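Reproduced below: run-v1.cif, with mmCIF, C-alpha atoms.
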```cif
data_start
loop_
_atom_site.label_atom_id
_atom_site.label_comp_id
_atom_site.auth_asym_id
_atom_site.auth_seq_id
_atom_site.Cartn_x
_atom_site.Cartn_y
_atom_site.Cartn_z
CA MET A 24 7.38 -43.83 1.26
CA GLY A 25 4.87 -41.46 -0.33
CA MET A 26 3.53 -38.36 1.35
CA MET A 27 3.17 -39.89 4.81
CA GLY A 28 4.42 -37.51 7.46
CA PHE A 29 3.98 -34.35 5.41
CA SER A 30 1.40 -31.75 6.33
CA HIS A 31 -1.50 -31.32 3.92
CA LEU A 32 -0.83 -27.57 4.04
CA THR A 33 2.28 -27.93 1.89
CA LEU A 34 -0.07 -28.72 -0.99
CA PHE A 35 -2.25 -25.64 -0.43
CA PRO A 36 -2.24 -23.49 -3.60
CA THR A 37 -0.25 -20.27 -3.38
CA HIS A 38 -2.87 -18.46 -5.47
CA ALA A 39 -5.69 -19.15 -3.01
CA THR A 40 -8.05 -16.23 -2.64
CA LEU A 41 -11.27 -15.79 -0.77
CA GLY A 42 -13.83 -13.98 -2.88
CA SER A 43 -12.71 -10.48 -3.74
CA MET A 44 -10.26 -10.34 -0.80
CA ASN A 45 -6.52 -10.01 -1.25
CA THR A 46 -4.51 -13.20 -1.50
CA VAL A 47 -4.55 -14.93 1.88
CA ILE A 48 -1.68 -17.37 1.32
CA LYS A 49 1.36 -15.14 0.83
CA ASP A 50 4.01 -17.84 1.32
CA SER A 51 3.59 -21.51 0.44
CA GLU A 52 6.41 -22.67 2.75
CA PHE A 53 4.51 -24.22 5.66
CA SER A 54 6.12 -26.10 8.51
CA ARG A 55 4.35 -28.31 11.01
CA VAL A 56 4.37 -26.79 14.49
CA SER A 57 2.24 -29.43 16.22
CA SER A 58 0.90 -32.90 15.50
CA ASN A 59 -2.31 -34.67 16.46
CA VAL A 60 -3.70 -31.68 18.35
CA LYS A 61 -7.23 -32.30 19.62
CA PRO A 62 -9.76 -29.65 20.60
CA ASP A 63 -10.61 -29.39 24.29
CA THR A 64 -14.11 -29.92 25.68
CA LYS A 65 -15.14 -26.46 24.44
CA ASN A 66 -13.82 -27.26 20.93
CA ARG A 67 -10.79 -24.96 21.34
CA VAL A 68 -7.32 -25.63 20.00
CA THR A 69 -4.46 -24.03 21.93
CA LEU A 70 -1.59 -22.55 19.94
CA LYS A 71 1.89 -21.87 21.23
CA ARG A 72 2.40 -18.17 21.64
CA ASP A 73 5.23 -16.55 19.72
CA PRO A 74 6.87 -14.26 22.31
CA GLN A 75 7.97 -11.87 19.55
CA ARG A 76 4.40 -11.33 18.34
CA LYS A 77 2.52 -9.55 21.11
CA ASP A 78 -1.03 -8.33 20.61
CA VAL A 79 -1.63 -10.42 17.49
CA THR A 80 -5.15 -11.34 16.48
CA TYR A 81 -6.09 -13.67 13.64
CA HIS A 82 -8.45 -13.74 10.71
CA VAL A 83 -9.57 -17.36 10.41
CA TYR A 84 -10.30 -18.92 7.02
CA VAL A 85 -11.78 -22.37 6.38
CA ASN A 86 -12.12 -24.10 3.02
CA LYS A 87 -14.62 -26.77 1.90
CA LEU A 88 -12.28 -29.50 3.13
CA GLY A 89 -12.17 -28.08 6.65
CA GLN A 90 -8.57 -26.86 6.37
CA ILE A 91 -7.98 -23.81 8.51
CA VAL A 92 -5.65 -20.88 7.83
CA LEU A 93 -4.84 -18.33 10.52
CA ASP A 94 -3.76 -14.97 9.11
CA PRO A 95 -2.04 -12.87 11.80
CA GLN A 96 -3.18 -9.27 12.15
CA VAL A 97 -1.95 -6.31 14.16
CA THR A 98 -3.74 -3.09 14.95
CA ILE A 99 -2.26 0.27 14.04
CA PRO A 100 -3.05 3.49 15.88
CA ALA A 101 -5.78 5.62 14.26
CA SER A 102 -3.28 8.48 13.99
CA GLU A 103 -1.19 6.32 11.60
CA ALA A 104 -4.05 4.95 9.50
CA TRP A 105 -3.78 7.90 7.07
CA LEU A 106 -0.59 6.38 5.65
CA PHE A 107 -2.35 3.20 4.58
CA GLU A 108 -5.27 5.18 3.17
CA ASN A 109 -3.01 7.46 1.07
CA ALA A 110 -1.75 5.59 -2.01
CA GLU A 111 0.85 8.26 -2.85
CA ALA A 112 2.28 8.35 0.68
CA ILE A 113 2.51 4.56 1.03
CA ALA A 114 4.11 4.29 -2.44
CA SER A 115 6.70 6.88 -1.40
CA LEU A 116 7.38 5.02 1.84
CA ARG A 117 7.81 1.73 -0.04
CA ARG A 118 10.21 3.37 -2.53
CA GLY A 119 12.24 4.74 0.37
CA LEU A 120 12.38 1.36 2.08
CA SER A 121 13.39 -0.29 -1.19
CA ASP A 122 16.12 2.32 -1.75
CA ALA A 123 17.41 1.81 1.79
CA ALA A 124 17.40 -1.98 1.39
CA SER A 125 19.45 -1.71 -1.81
CA GLY A 126 21.95 0.71 -0.25
CA LYS A 127 20.72 3.84 -2.03
CA THR A 128 21.08 6.07 1.01
CA SER A 129 23.02 9.16 2.00
CA ARG A 130 23.83 10.83 5.30
CA VAL A 131 22.16 14.06 6.30
CA ASP A 132 23.72 16.33 8.89
CA PHE A 133 20.64 17.72 10.62
CA LYS A 134 22.77 20.24 12.54
CA LYS A 135 23.52 22.01 9.24
CA LEU A 136 19.86 22.28 8.20
#
```
Would you put the structure from the file into structure tokens?
Amino acid sequence: MGMMGFSHLTLFPTHATLGSMNTVIKDSEFSRVSSNVKPDTKNRVTLKRDPQRKDVTYHVYVNKLGQIVLDPQVTIPASEAWLFENAEAIASLRRGLSDAASGKTSRVDFKKL
């Protein structure tokens, strides 16, 4: 039966990068969410909204073949941007999250502090 019925995106390389940017494709497991979608008279394509993802914007990438990748983005408050700009702080946060995920946690009784 060949590849008929499969999305071309499943063949998109997982190592795809755009110039000096970080890797755009972070997961090669694509699933088709719509078929034969046509742009409207203003050349717009309407996407179903994921109710769990409010206030999402997208970076849009296009390759030479005209394939389009939407990379969802969220905005963080300026008061929290310091964390992402501080390599030591973000590394510490990631270690803590990794420890918590692997069960390396302990209880703290804040009333005794």
So that I can check the surroundings of stretch 91-105 of chain A, please list as a ChimeraX atom specification every protein, DNA and RNA residue that reaches within 6 Å of it, counting all atoms listed in the file and ignoring chain neighbours fewer than 3 positions away.
/A:79-85,108
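In this model, the gap between atom CA of A:Thr69 and atom CA of A:Val56 comes to 11.9 Å.
The coordinates place atom CA of A:Asp132 at 21.9 Å from atom CA of A:Arg118.
Across the model, the gap from atom CA of A:Ile113 to atom CA of A:Thr128 is 18.6 Å.
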Write out as JSON, numbers by chain which residues come within 12 Å of A:Val60 when counting only C-alpha atoms, dropping same-chain ones fewer than 6 positions away.
{"A": [66, 67, 68, 69, 70, 71]}
Please produce a file of those selected residues containing C-alpha atoms, as a PDB file, keeping the file's coordinate frame.
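Wrote it out as selection29.pdb, contents follow:
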```
ATOM      1  CA  ASN A  66     -13.820 -27.260  20.930  1.00  0.00           C
ATOM      2  CA  ARG A  67     -10.790 -24.960  21.340  1.00  0.00           C
ATOM      3  CA  VAL A  68      -7.320 -25.630  20.000  1.00  0.00           C
ATOM      4  CA  THR A  69      -4.460 -24.030  21.930  1.00  0.00           C
ATOM      5  CA  LEU A  70      -1.590 -22.550  19.940  1.00  0.00           C
ATOM      6  CA  LYS A  71       1.890 -21.870  21.230  1.00  0.00           C
TER       7      LYS A  71
END
```
